[in-house]
Amino acid sequence: PFKQAKLQTPIRIVLLLLMLNAPFANGVPPAQATQMPVSEAASLLFIDADTGELIRFDPEAGTREVLSSLPDVVAFRPSPAGDRVAYGAKSNQWRIWDLNTSQEIDLGELDAAPVWSPDGSLIHRHSTDDQSAVVDAAGNVRQLPFQARGDVKWSSDGRYLAYANDYDLILWIAPLDGTPTRIAHNIFKFEWSPSAALLAYSSWGSLPVATPHGNGGFLFDLTTGQQLPASPSGTI
């Protein structure tokens, strides 16, 4: 059953990364904690190091609220808009908590943290039974015709996934409803351009993109399907 809680809307979140293992005195975060703004601050999310619970802290009211129904939470990933949060437990089970409706969506047992699309409408998951899927805000699951695991990154327009499998270090690009294209192997790092037209990457044996020291890595142009060397000066 869904776990209910009284939440105010709209919710604006600031992540609180705990620097101490001690519990909060009177429910108040320690001064030594580091805050990372996601949007204008109205509440804080953090994992209680003692109980393993995902907590929402209201600094105005001074109250804290347990959001997680799974025990031993170890990680969480807020959506881009800050209205939902995916969280995972030691058991590798992941769920999404909706901060507006106080309802949960079960993502199942995953082998890595899920990844939100840029607009937050979808989240990519890869299960321990080697199945990739995207899940929408209503919990509808859309199985993908490929297995995107390892380092997974959405294009800015939400149309493509780039991923490098952690077991073979091969870089792939795939539309959500299409066939993956193999780009390169022995991948070290990769990043999408803001326009989603280019994918920059470097591999073991080449230097990272835009360094003054050598060949500077490569660019893959999605429009032409061509692979181009990036300039050492970083001008392209």
# chains A, B, ... in the order shown; residues from 1 in each chain; ligands from 1

$ residues_around --residues "Asp168 of chain A" --least-positions-apart "4" --cutoff "10 Å" --atoms "only C-alpha atoms" --output "mmCIF file with C-alpha atoms, in the first residue's frame"
data_model
loop_
_atom_site.group_PDB
_atom_site.id
_atom_site.type_symbol
_atom_site.label_atom_id
_atom_site.label_comp_id
_atom_site.auth_asym_id
_atom_site.auth_seq_id
_atom_site.Cartn_x
_atom_site.Cartn_y
_atom_site.Cartn_z
ATOM 1 C CA GLY A 150 26.682 0.991 -16.723
ATOM 2 C CA ALA A 164 28.838 2.485 -21.865
ATOM 3 C CA HIS A 185 35.197 0.751 -27.385
ATOM 4 C CA ASN A 186 37.455 1.134 -24.325
ATOM 5 C CA ILE A 187 35.448 4.206 -23.326
#

$ atom_distance --atom1 "atom CA of Ala200 of chain A" --atom2 "atom CA of Ala75 of chain A"
28.3 Å

$ closest_residue --among "A:Ser69, A:Ser155, A:Thr128, A:Ser102" --to "Gly88 of chain A" --atoms "only C-alpha atoms"
A:Ser69

$ select_by_dssp --residues "segment 86-210 of chain A" --states "strand (DSSP E)" --output "VMD selection string"
chain A and resid 86 to 89 93 to 98 104 to 109 115 to 116 122 to 126 132 to 136 141 to 143 151 to 154 160 to 164 171 to 175 181 to 184 187 to 192 198 to 203

$ residues_around --residues "Asp151 of chain A" --least-positions-apart "4" --cutoff "8 Å" --atoms "only C-alpha atoms" --output "list in words"
Tyr163, Ala164, Asn165 and Asp166 of chain A

$ closest_residue --among "A:Trp204, A:Leu198, A:Trp192, A:Thr63" --to "Thr223 of chain A" --atoms "only C-alpha atoms"
A:Leu198

$ atom_distance --atom1 "atom CA of Ala162 of chain A" --atom2 "atom CA of Glu191 of chain A"
8.6 Å

$ atom_distance --atom1 "atom CA of Arg95 of chain A" --atom2 "atom CA of Thr179 of chain A"
28.3 Å

$ closest_residue --among "A:Asn100, A:Asn92, A:Ser43, A:Ser132" --to "Ala112 of chain A" --atoms "only C-alpha atoms"
A:Asn92

$ closest_residue --among "A:Thr101, A:Ser193, A:Ser121, A:Gln147" --to "Leu67 of chain A" --atoms "only C-alpha atoms"
A:Thr101

$ residues_around --residues "Thr181 of chain A" --least-positions-apart "4" --cutoff "12 Å" --atoms "only C-alpha atoms" --output "ChimeraX atom specification"
/A:146,160-164,170-175,220,222,225-226

$ residues_around --residues "Pro71 of chain A" --least-positions-apart "3" --cutoff "9 Å" --atoms "only C-alpha atoms" --output "number ranges by chain"
A: 51-53, 68, 89-91
